[in-house]
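Asker: Structure file query-v2.tsv, TSV, N, CA and C atoms, is pasted below:
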```tsv
chain	number	residue	atom	x	y	z
Y	1357	MET	N	-39.41	10.68	-22.67
Y	1357	MET	CA	-40.27	11.83	-22.51
Y	1357	MET	C	-40.99	12.16	-23.81
Y	1358	PHE	N	-40.26	12.33	-24.89
Y	1358	PHE	CA	-40.88	12.67	-26.17
Y	1358	PHE	C	-41.13	11.44	-27.03
Y	1359	GLY	N	-40.78	10.28	-26.53
Y	1359	GLY	CA	-41.01	9.06	-27.28
Y	1359	GLY	C	-39.91	8.75	-28.30
Y	1360	PHE	N	-38.75	9.40	-28.17
Y	1360	PHE	CA	-37.65	9.12	-29.08
Y	1360	PHE	C	-37.03	7.77	-28.75
Y	1361	ASP	N	-36.59	7.10	-29.76
Y	1361	ASP	CA	-35.89	5.84	-29.57
Y	1361	ASP	C	-34.47	6.15	-29.11
Y	1362	LYS	N	-34.05	5.61	-27.99
Y	1362	LYS	CA	-32.72	5.89	-27.45
Y	1362	LYS	C	-31.62	5.31	-28.33
Y	1363	ASN	N	-31.94	4.31	-29.14
Y	1363	ASN	CA	-30.94	3.69	-30.01
Y	1363	ASN	C	-30.87	4.34	-31.38
Y	1364	ALA	N	-31.70	5.33	-31.65
Y	1364	ALA	CA	-31.73	5.94	-32.98
Y	1364	ALA	C	-30.42	6.65	-33.30
Y	1365	PHE	N	-29.76	7.18	-32.28
Y	1365	PHE	CA	-28.53	7.93	-32.51
Y	1365	PHE	C	-27.30	7.18	-32.02
Y	1366	ALA	N	-27.44	5.89	-31.79
Y	1366	ALA	CA	-26.32	5.07	-31.34
Y	1366	ALA	C	-25.35	4.85	-32.49
Y	1367	VAL	N	-24.09	4.70	-32.14
Y	1367	VAL	CA	-23.05	4.45	-33.14
Y	1367	VAL	C	-23.23	3.03	-33.67
Y	1368	PRO	N	-23.34	2.87	-34.99
Y	1368	PRO	CA	-23.50	1.51	-35.52
Y	1368	PRO	C	-22.24	0.68	-35.35
Y	1369	VAL	N	-22.44	-0.58	-35.14
Y	1369	VAL	CA	-21.34	-1.54	-34.99
Y	1369	VAL	C	-21.51	-2.59	-36.08
Y	1370	ALA	N	-20.39	-3.03	-36.62
Y	1370	ALA	CA	-20.43	-4.03	-37.69
Y	1370	ALA	C	-21.09	-5.31	-37.21
Y	1371	LYS	N	-21.85	-5.93	-38.10
Y	1371	LYS	CA	-22.57	-7.16	-37.76
Y	1371	LYS	C	-21.65	-8.37	-37.68
Y	1372	HIS	N	-20.60	-8.36	-38.47
Y	1372	HIS	CA	-19.71	-9.52	-38.59
Y	1372	HIS	C	-18.26	-9.10	-38.32
Y	1373	ASP	N	-17.42	-10.11	-38.18
Y	1373	ASP	CA	-15.98	-9.85	-38.09
Y	1373	ASP	C	-15.45	-9.72	-39.52
Y	1374	HIS	N	-14.87	-8.58	-39.82
Y	1374	HIS	CA	-14.44	-8.28	-41.19
Y	1374	HIS	C	-12.93	-8.41	-41.37
Y	1375	THR	N	-12.28	-9.20	-40.55
Y	1375	THR	CA	-10.83	-9.34	-40.63
Y	1375	THR	C	-10.40	-9.91	-41.98
Y	1376	GLU	N	-11.12	-10.90	-42.47
Y	1376	GLU	CA	-10.77	-11.50	-43.75
Y	1376	GLU	C	-10.93	-10.50	-44.89
Y	1377	LEU	N	-12.01	-9.74	-44.88
Y	1377	LEU	CA	-12.24	-8.72	-45.91
Y	1377	LEU	C	-11.19	-7.63	-45.84
Y	1378	ILE	N	-10.84	-7.21	-44.64
Y	1378	ILE	CA	-9.81	-6.17	-44.46
Y	1378	ILE	C	-8.48	-6.65	-45.03
Y	1379	ASN	N	-8.09	-7.88	-44.71
Y	1379	ASN	CA	-6.83	-8.42	-45.23
Y	1379	ASN	C	-6.85	-8.56	-46.75
Y	1380	LYS	N	-7.99	-8.96	-47.30
Y	1380	LYS	CA	-8.12	-9.11	-48.74
Y	1380	LYS	C	-7.98	-7.75	-49.44
Y	1381	ILE	N	-8.62	-6.73	-48.90
Y	1381	ILE	CA	-8.53	-5.39	-49.48
Y	1381	ILE	C	-7.11	-4.85	-49.35
Y	1382	ALA	N	-6.50	-5.03	-48.18
Y	1382	ALA	CA	-5.14	-4.54	-47.96
Y	1382	ALA	C	-4.16	-5.23	-48.91
Y	1383	ASP	N	-4.30	-6.53	-49.10
Y	1383	ASP	CA	-3.43	-7.25	-50.04
Y	1383	ASP	C	-3.58	-6.71	-51.46
Y	1384	SER	N	-4.81	-6.49	-51.85
Y	1384	SER	CA	-5.08	-5.99	-53.20
Y	1384	SER	C	-4.50	-4.60	-53.41
Y	1385	VAL	N	-4.65	-3.74	-52.41
Y	1385	VAL	CA	-4.14	-2.37	-52.51
Y	1385	VAL	C	-2.63	-2.36	-52.57
Y	1386	VAL	N	-1.98	-3.12	-51.71
Y	1386	VAL	CA	-0.51	-3.13	-51.66
Y	1386	VAL	C	0.06	-3.78	-52.91
Y	1387	ARG	N	-0.60	-4.82	-53.40
Y	1387	ARG	CA	-0.13	-5.49	-54.62
Y	1387	ARG	C	-0.14	-4.54	-55.81
Y	1388	ARG	N	-1.11	-3.64	-55.84
Y	1388	ARG	CA	-1.19	-2.67	-56.92
Y	1388	ARG	C	-0.36	-1.41	-56.67
Y	1389	ARG	N	0.35	-1.39	-55.54
Y	1389	ARG	CA	1.20	-0.27	-55.12
Y	1389	ARG	C	0.41	1.04	-55.04
Y	1390	MET	N	-0.78	0.95	-54.44
Y	1390	MET	CA	-1.65	2.11	-54.27
Y	1390	MET	C	-1.89	2.42	-52.79
Y	1391	ALA	N	-0.96	2.02	-51.93
Y	1391	ALA	CA	-1.16	2.17	-50.49
Y	1391	ALA	C	-1.33	3.63	-50.08
Y	1392	MET	N	-0.48	4.51	-50.57
Y	1392	MET	CA	-0.56	5.90	-50.16
Y	1392	MET	C	-1.85	6.59	-50.63
Y	1393	PRO	N	-2.22	6.49	-51.92
Y	1393	PRO	CA	-3.46	7.15	-52.33
Y	1393	PRO	C	-4.71	6.58	-51.66
Y	1394	VAL	N	-4.75	5.26	-51.47
Y	1394	VAL	CA	-5.93	4.66	-50.84
Y	1394	VAL	C	-6.01	5.05	-49.37
Y	1395	THR	N	-4.88	5.07	-48.69
Y	1395	THR	CA	-4.87	5.49	-47.29
Y	1395	THR	C	-5.33	6.94	-47.17
Y	1396	LEU	N	-4.86	7.79	-48.05
Y	1396	LEU	CA	-5.28	9.19	-48.06
Y	1396	LEU	C	-6.78	9.31	-48.32
Y	1397	LEU	N	-7.30	8.53	-49.27
Y	1397	LEU	CA	-8.72	8.56	-49.57
Y	1397	LEU	C	-9.55	8.09	-48.38
Y	1398	ILE	N	-9.13	7.00	-47.76
Y	1398	ILE	CA	-9.88	6.48	-46.61
Y	1398	ILE	C	-9.85	7.46	-45.44
Y	1399	GLU	N	-8.69	8.05	-45.19
Y	1399	GLU	CA	-8.57	9.02	-44.10
Y	1399	GLU	C	-9.46	10.24	-44.35
Y	1400	SER	N	-9.52	10.69	-45.60
Y	1400	SER	CA	-10.31	11.88	-45.90
Y	1400	SER	C	-11.81	11.60	-45.88
Y	1401	CYS	N	-12.19	10.34	-46.08
Y	1401	CYS	CA	-13.61	9.98	-46.09
Y	1401	CYS	C	-14.12	9.49	-44.73
Y	1402	LYS	N	-13.26	9.44	-43.73
Y	1402	LYS	CA	-13.68	8.95	-42.42
Y	1402	LYS	C	-14.86	9.72	-41.83
Y	1403	PRO	N	-14.93	11.05	-41.96
Y	1403	PRO	CA	-16.07	11.75	-41.36
Y	1403	PRO	C	-17.43	11.39	-41.97
Y	1404	VAL	N	-17.44	10.89	-43.19
Y	1404	VAL	CA	-18.70	10.57	-43.85
Y	1404	VAL	C	-18.83	9.07	-44.10
Y	1405	ASN	N	-18.24	8.26	-43.25
Y	1405	ASN	CA	-18.24	6.82	-43.49
Y	1405	ASN	C	-19.63	6.23	-43.50
Y	1406	ARG	N	-20.51	6.68	-42.64
Y	1406	ARG	CA	-21.86	6.12	-42.62
Y	1406	ARG	C	-22.66	6.53	-43.85
Y	1407	ILE	N	-22.46	7.74	-44.30
Y	1407	ILE	CA	-23.14	8.19	-45.52
Y	1407	ILE	C	-22.63	7.39	-46.71
Y	1408	ALA	N	-21.32	7.15	-46.75
Y	1408	ALA	CA	-20.75	6.37	-47.85
Y	1408	ALA	C	-21.28	4.94	-47.85
Y	1409	SER	N	-21.44	4.36	-46.68
Y	1409	SER	CA	-21.96	2.99	-46.63
Y	1409	SER	C	-23.40	2.93	-47.11
Y	1410	GLN	N	-24.20	3.93	-46.77
Y	1410	GLN	CA	-25.59	3.96	-47.24
Y	1410	GLN	C	-25.66	4.27	-48.73
Y	1411	PHE	N	-24.74	5.10	-49.22
Y	1411	PHE	CA	-24.70	5.41	-50.65
Y	1411	PHE	C	-24.36	4.16	-51.46
Y	1412	MET	N	-23.49	3.31	-50.90
Y	1412	MET	CA	-23.15	2.06	-51.59
Y	1412	MET	C	-24.39	1.18	-51.74
Y	1413	LEU	N	-25.25	1.19	-50.75
Y	1413	LEU	CA	-26.47	0.39	-50.85
Y	1413	LEU	C	-27.42	0.97	-51.90
Y	1414	VAL	N	-27.42	2.29	-52.04
Y	1414	VAL	CA	-28.27	2.91	-53.05
Y	1414	VAL	C	-27.81	2.56	-54.45
Y	1415	ILE	N	-26.50	2.57	-54.67
Y	1415	ILE	CA	-25.98	2.28	-56.01
Y	1415	ILE	C	-25.61	0.81	-56.19
Y	1416	SER	N	-26.07	-0.04	-55.28
Y	1416	SER	CA	-25.72	-1.47	-55.37
Y	1416	SER	C	-26.18	-2.13	-56.67
Y	1417	PRO	N	-27.30	-1.75	-57.28
Y	1417	PRO	CA	-27.62	-2.37	-58.57
Y	1417	PRO	C	-26.56	-2.09	-59.64
Y	1418	LEU	N	-25.99	-0.91	-59.60
Y	1418	LEU	CA	-24.93	-0.59	-60.55
Y	1418	LEU	C	-23.63	-1.32	-60.19
Y	1419	LEU	N	-23.29	-1.36	-58.91
Y	1419	LEU	CA	-22.08	-2.05	-58.47
Y	1419	LEU	C	-22.17	-3.56	-58.69
Y	1420	ALA	N	-23.40	-4.08	-58.74
Y	1420	ALA	CA	-23.59	-5.52	-58.92
Y	1420	ALA	C	-23.13	-5.99	-60.30
Y	1421	LEU	N	-22.89	-5.07	-61.19
Y	1421	LEU	CA	-22.32	-5.44	-62.49
Y	1421	LEU	C	-20.88	-5.91	-62.34
Y	1422	PHE	N	-20.21	-5.46	-61.29
Y	1422	PHE	CA	-18.80	-5.74	-61.10
Y	1422	PHE	C	-18.52	-6.70	-59.95
Y	1423	VAL	N	-19.29	-6.63	-58.88
Y	1423	VAL	CA	-19.10	-7.49	-57.71
Y	1423	VAL	C	-20.46	-8.02	-57.26
Y	1424	SER	N	-20.44	-9.04	-56.41
Y	1424	SER	CA	-21.69	-9.64	-55.96
Y	1424	SER	C	-22.36	-8.79	-54.87
Y	1425	TYR	N	-23.64	-9.03	-54.67
Y	1425	TYR	CA	-24.38	-8.31	-53.63
Y	1425	TYR	C	-23.84	-8.63	-52.24
Y	1426	ASP	N	-23.36	-9.85	-52.04
Y	1426	ASP	CA	-22.79	-10.21	-50.73
Y	1426	ASP	C	-21.55	-9.37	-50.43
Y	1427	GLN	N	-20.70	-9.16	-51.44
Y	1427	GLN	CA	-19.51	-8.34	-51.24
Y	1427	GLN	C	-19.88	-6.89	-50.98
Y	1428	ILE	N	-20.89	-6.39	-51.67
Y	1428	ILE	CA	-21.35	-5.02	-51.45
Y	1428	ILE	C	-21.88	-4.88	-50.03
Y	1429	ASP	N	-22.68	-5.86	-49.59
Y	1429	ASP	CA	-23.24	-5.81	-48.24
Y	1429	ASP	C	-22.15	-5.88	-47.18
Y	1430	ASP	N	-21.17	-6.77	-47.37
Y	1430	ASP	CA	-20.07	-6.88	-46.40
Y	1430	ASP	C	-19.26	-5.60	-46.33
Y	1431	PHE	N	-18.94	-5.03	-47.48
Y	1431	PHE	CA	-18.14	-3.80	-47.50
Y	1431	PHE	C	-18.92	-2.64	-46.91
Y	1432	SER	N	-20.22	-2.56	-47.21
Y	1432	SER	CA	-21.05	-1.51	-46.64
Y	1432	SER	C	-21.14	-1.64	-45.12
Y	1433	ASP	N	-21.28	-2.88	-44.64
Y	1433	ASP	CA	-21.32	-3.12	-43.20
Y	1433	ASP	C	-19.99	-2.73	-42.55
Y	1434	MET	N	-18.88	-3.03	-43.24
Y	1434	MET	CA	-17.57	-2.68	-42.71
Y	1434	MET	C	-17.40	-1.16	-42.63
Y	1435	LEU	N	-17.90	-0.45	-43.62
Y	1435	LEU	CA	-17.75	1.01	-43.64
Y	1435	LEU	C	-18.49	1.71	-42.50
Y	1436	GLN	N	-19.52	1.09	-41.97
Y	1436	GLN	CA	-20.29	1.72	-40.91
Y	1436	GLN	C	-19.53	1.80	-39.59
Y	1437	ASP	N	-18.60	0.90	-39.40
Y	1437	ASP	CA	-17.87	0.83	-38.13
Y	1437	ASP	C	-16.51	1.50	-38.27
Y	1438	ARG	N	-16.28	2.55	-37.50
Y	1438	ARG	CA	-15.01	3.28	-37.60
Y	1438	ARG	C	-13.81	2.45	-37.16
Y	1439	GLU	N	-14.03	1.50	-36.27
Y	1439	GLU	CA	-12.93	0.63	-35.86
Y	1439	GLU	C	-12.45	-0.22	-37.04
Y	1440	CYS	N	-13.37	-0.65	-37.87
Y	1440	CYS	CA	-13.00	-1.44	-39.05
Y	1440	CYS	C	-12.20	-0.58	-40.03
Y	1441	ILE	N	-12.55	0.68	-40.14
Y	1441	ILE	CA	-11.81	1.58	-41.02
Y	1441	ILE	C	-10.39	1.77	-40.51
Y	1442	GLU	N	-10.26	1.93	-39.21
Y	1442	GLU	CA	-8.91	2.05	-38.62
Y	1442	GLU	C	-8.11	0.77	-38.84
Y	1443	LYS	N	-8.77	-0.39	-38.69
Y	1443	LYS	CA	-8.08	-1.66	-38.92
Y	1443	LYS	C	-7.64	-1.79	-40.37
Y	1444	LEU	N	-8.47	-1.31	-41.29
Y	1444	LEU	CA	-8.11	-1.35	-42.70
Y	1444	LEU	C	-6.89	-0.48	-42.99
Y	1445	ILE	N	-6.86	0.71	-42.44
Y	1445	ILE	CA	-5.72	1.60	-42.64
Y	1445	ILE	C	-4.45	0.98	-42.07
Y	1446	LEU	N	-4.56	0.42	-40.86
Y	1446	LEU	CA	-3.39	-0.22	-40.24
Y	1446	LEU	C	-2.92	-1.43	-41.05
Y	1447	ALA	N	-3.85	-2.21	-41.57
Y	1447	ALA	CA	-3.48	-3.38	-42.36
Y	1447	ALA	C	-2.76	-2.96	-43.64
Y	1448	ILE	N	-3.24	-1.92	-44.28
Y	1448	ILE	CA	-2.59	-1.42	-45.50
Y	1448	ILE	C	-1.19	-0.93	-45.18
Y	1449	GLU	N	-1.06	-0.15	-44.10
Y	1449	GLU	CA	0.26	0.37	-43.73
Y	1449	GLU	C	1.22	-0.75	-43.35
Y	1450	ASN	N	0.76	-1.73	-42.59
Y	1450	ASN	CA	1.63	-2.84	-42.18
Y	1450	ASN	C	2.08	-3.68	-43.37
Y	1451	LYS	N	1.17	-3.99	-44.26
Y	1451	LYS	CA	1.53	-4.78	-45.44
Y	1451	LYS	C	2.45	-4.01	-46.37
Y	1452	ASN	N	2.24	-2.71	-46.48
Y	1452	ASN	CA	3.11	-1.88	-47.31
Y	1452	ASN	C	4.51	-1.79	-46.71
Y	1453	ASN	N	4.60	-1.64	-45.39
Y	1453	ASN	CA	5.90	-1.60	-44.72
Y	1453	ASN	C	6.62	-2.93	-44.85
Y	1454	ALA	N	5.89	-4.03	-44.75
Y	1454	ALA	CA	6.51	-5.35	-44.89
Y	1454	ALA	C	7.03	-5.54	-46.32
Y	1455	LEU	N	6.33	-5.01	-47.30
Y	1455	LEU	CA	6.77	-5.14	-48.69
Y	1455	LEU	C	7.99	-4.30	-48.97
Y	1456	THR	N	8.02	-3.08	-48.43
Y	1456	THR	CA	9.16	-2.19	-48.70
Y	1456	THR	C	10.40	-2.59	-47.91
Y	1457	ASN	N	10.22	-3.23	-46.76
Y	1457	ASN	CA	11.38	-3.62	-45.94
Y	1457	ASN	C	12.00	-4.94	-46.40
Y	1458	SER	N	11.29	-5.71	-47.20
Y	1458	SER	CA	11.84	-7.00	-47.62
Y	1458	SER	C	12.57	-6.91	-48.93
```
Would it be possible to restate this file's structure as structure tokens?
Answerer:
Amino acid sequence: MFGFDKNAFAVPVAKHDHTELINKIADSVVRRRMAMPVTLLIESCKPVNRIASQFMLVISPLLALFVSYDQIDDFSDMLQDRECIEKLILAIENKNNALTNS
């Protein structure tokens, strides 16, 4: 009716399967024994996940000093999808539980 794009307000979905990235991040977090603070940070940032992913793209020239543009793009794409965020939290919790139980 007004010419609005019906997909403009659609929930974004990740372009790729980020299972490998999620496992890599979870391993790194658990290895550093930062599972609880990182989980708390991710949970508290869930409502603004899309804004955070776009902010990462804005500051990507600065982040490129530390990591590659491909890693920034993959992580930003992962942040847009709430299912990926839930998978990341679950992976961190599972790896942390496996470490504490062994």
Asker: Would you place a box with edges along x, y and z of the file around all atoms of region 1386-1404 of chain Y listed there, add 8 Å to each of its six sides, and report the centre and edge lengths in Å to one decimal, as JSON?
Answerer:
```
{"center_x": -8.8, "center_y": 3.2, "center_z": -49.1, "size_x": 36.0, "size_y": 33.4, "size_z": 31.6}
```
Asker: Neighbours of region 1396-1403 of chain Y within 12 Å (only C-alpha atoms; same-chain residues fewer than 3 positions away dropped), as a PDB file with N, CA and C atoms, keeping the file's coordinate frame?
Answerer:
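This is the output file selection16.pdb:
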```
ATOM      1  N   MET Y1390      -0.780   0.950 -54.440  1.00  0.00           N
ATOM      2  CA  MET Y1390      -1.650   2.110 -54.270  1.00  0.00           C
ATOM      3  C   MET Y1390      -1.890   2.420 -52.790  1.00  0.00           C
ATOM      4  N   ALA Y1391      -0.960   2.020 -51.930  1.00  0.00           N
ATOM      5  CA  ALA Y1391      -1.160   2.170 -50.490  1.00  0.00           C
ATOM      6  C   ALA Y1391      -1.330   3.630 -50.080  1.00  0.00           C
ATOM      7  N   MET Y1392      -0.480   4.510 -50.570  1.00  0.00           N
ATOM      8  CA  MET Y1392      -0.560   5.900 -50.160  1.00  0.00           C
ATOM      9  C   MET Y1392      -1.850   6.590 -50.630  1.00  0.00           C
ATOM     10  N   PRO Y1393      -2.220   6.490 -51.920  1.00  0.00           N
ATOM     11  CA  PRO Y1393      -3.460   7.150 -52.330  1.00  0.00           C
ATOM     12  C   PRO Y1393      -4.710   6.580 -51.660  1.00  0.00           C
ATOM     13  N   ARG Y1406     -20.510   6.680 -42.640  1.00  0.00           N
ATOM     14  CA  ARG Y1406     -21.860   6.120 -42.620  1.00  0.00           C
ATOM     15  C   ARG Y1406     -22.660   6.530 -43.850  1.00  0.00           C
ATOM     16  N   ILE Y1407     -22.460   7.740 -44.300  1.00  0.00           N
ATOM     17  CA  ILE Y1407     -23.140   8.190 -45.520  1.00  0.00           C
ATOM     18  C   ILE Y1407     -22.630   7.390 -46.710  1.00  0.00           C
ATOM     19  N   ALA Y1408     -21.320   7.150 -46.750  1.00  0.00           N
ATOM     20  CA  ALA Y1408     -20.750   6.370 -47.850  1.00  0.00           C
ATOM     21  C   ALA Y1408     -21.280   4.940 -47.850  1.00  0.00           C
ATOM     22  N   SER Y1409     -21.440   4.360 -46.680  1.00  0.00           N
ATOM     23  CA  SER Y1409     -21.960   2.990 -46.630  1.00  0.00           C
ATOM     24  C   SER Y1409     -23.400   2.930 -47.110  1.00  0.00           C
ATOM     25  N   LEU Y1435     -17.900  -0.450 -43.620  1.00  0.00           N
ATOM     26  CA  LEU Y1435     -17.750   1.010 -43.640  1.00  0.00           C
ATOM     27  C   LEU Y1435     -18.490   1.710 -42.500  1.00  0.00           C
ATOM     28  N   GLN Y1436     -19.520   1.090 -41.970  1.00  0.00           N
ATOM     29  CA  GLN Y1436     -20.290   1.720 -40.910  1.00  0.00           C
ATOM     30  C   GLN Y1436     -19.530   1.800 -39.590  1.00  0.00           C
ATOM     31  N   ASP Y1437     -18.600   0.900 -39.400  1.00  0.00           N
ATOM     32  CA  ASP Y1437     -17.870   0.830 -38.130  1.00  0.00           C
ATOM     33  C   ASP Y1437     -16.510   1.500 -38.270  1.00  0.00           C
ATOM     34  N   ARG Y1438     -16.280   2.550 -37.500  1.00  0.00           N
ATOM     35  CA  ARG Y1438     -15.010   3.280 -37.600  1.00  0.00           C
ATOM     36  C   ARG Y1438     -13.810   2.450 -37.160  1.00  0.00           C
ATOM     37  N   GLU Y1439     -14.030   1.500 -36.270  1.00  0.00           N
ATOM     38  CA  GLU Y1439     -12.930   0.630 -35.860  1.00  0.00           C
ATOM     39  C   GLU Y1439     -12.450  -0.220 -37.040  1.00  0.00           C
ATOM     40  N   CYS Y1440     -13.370  -0.650 -37.870  1.00  0.00           N
ATOM     41  CA  CYS Y1440     -13.000  -1.440 -39.050  1.00  0.00           C
ATOM     42  C   CYS Y1440     -12.200  -0.580 -40.030  1.00  0.00           C
ATOM     43  N   ILE Y1441     -12.550   0.680 -40.140  1.00  0.00           N
ATOM     44  CA  ILE Y1441     -11.810   1.580 -41.020  1.00  0.00           C
ATOM     45  C   ILE Y1441     -10.390   1.770 -40.510  1.00  0.00           C
ATOM     46  N   GLU Y1442     -10.260   1.930 -39.210  1.00  0.00           N
ATOM     47  CA  GLU Y1442      -8.910   2.050 -38.620  1.00  0.00           C
ATOM     48  C   GLU Y1442      -8.110   0.770 -38.840  1.00  0.00           C
ATOM     49  N   LYS Y1443      -8.770  -0.390 -38.690  1.00  0.00           N
ATOM     50  CA  LYS Y1443      -8.080  -1.660 -38.920  1.00  0.00           C
ATOM     51  C   LYS Y1443      -7.640  -1.790 -40.370  1.00  0.00           C
ATOM     52  N   LEU Y1444      -8.470  -1.310 -41.290  1.00  0.00           N
ATOM     53  CA  LEU Y1444      -8.110  -1.350 -42.700  1.00  0.00           C
ATOM     54  C   LEU Y1444      -6.890  -0.480 -42.990  1.00  0.00           C
ATOM     55  N   ILE Y1445      -6.860   0.710 -42.440  1.00  0.00           N
ATOM     56  CA  ILE Y1445      -5.720   1.600 -42.640  1.00  0.00           C
ATOM     57  C   ILE Y1445      -4.450   0.980 -42.070  1.00  0.00           C
ATOM     58  N   LEU Y1446      -4.560   0.420 -40.860  1.00  0.00           N
ATOM     59  CA  LEU Y1446      -3.390  -0.220 -40.240  1.00  0.00           C
ATOM     60  C   LEU Y1446      -2.920  -1.430 -41.050  1.00  0.00           C
ATOM     61  N   ILE Y1448      -3.240  -1.920 -44.280  1.00  0.00           N
ATOM     62  CA  ILE Y1448      -2.590  -1.420 -45.500  1.00  0.00           C
ATOM     63  C   ILE Y1448      -1.190  -0.930 -45.180  1.00  0.00           C
ATOM     64  N   GLU Y1449      -1.060  -0.150 -44.100  1.00  0.00           N
ATOM     65  CA  GLU Y1449       0.260   0.370 -43.730  1.00  0.00           C
ATOM     66  C   GLU Y1449       1.220  -0.750 -43.350  1.00  0.00           C
TER      67      GLU Y1449
END
```
Asker: Write down as an NGL selection string the residues of region 1378-1451 of chain Y whose backbone DSSP state falls under alpha helix (DSSP H).
Answerer: :Y and (1378-1387 or 1391-1401 or 1405-1414 or 1416-1419 or 1425-1436 or 1438-1451)
Asker: Quick one: everything within 12 Å of Gln1427 (chain Y), counting only C-alpha atoms, minus sequence neighbours fewer than 2 positions away in the same chain. Send it as a list in words.
Answerer: His1374, Glu1376, Leu1377, Lys1380, Ile1381, Met1412, Leu1413, Ser1416, Leu1419, Ala1420, Leu1421, Phe1422, Val1423, Ser1424, Tyr1425, Asp1429, Asp1430, Phe1431, Ser1432, Asp1433 and Met1434 of chain Y
Asker: Please return as a list in words every residue within 7 Å of (-0.6, -7.5, -44.5), taking into account all atoms listed in the file and the file's own coordinates.
Answerer: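 Those within range, by chain then number, are Asn1379, Ala1382, Asp1383, Ala1447, Ile1448, Asn1450, Lys1451 and Asn1452 of chain Y.
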Asker: When you draw a straight line from atom C of Arg1388 (chain Y) to atom C of Ile1428 (chain Y), how long is it in Å?
Answerer: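 Rounded to one decimal, the two atoms are 22.8 Å apart.
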Asker: What is the distance, in Å and to one decimal place, between CA of Arg1389 (chain Y) and CA of Asn1453 (chain Y)?
Answerer: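 Interatomic distance, CA of Arg1389 (chain Y) to CA of Asn1453 (chain Y): 11.5 Å.
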Asker: Give me, please, the distance in Å between CA of Val1385 (chain Y) and CA of Asn1405 (chain Y), quoted to one decimal.
Answerer: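 Distance between the two atoms: 19.1 Å.
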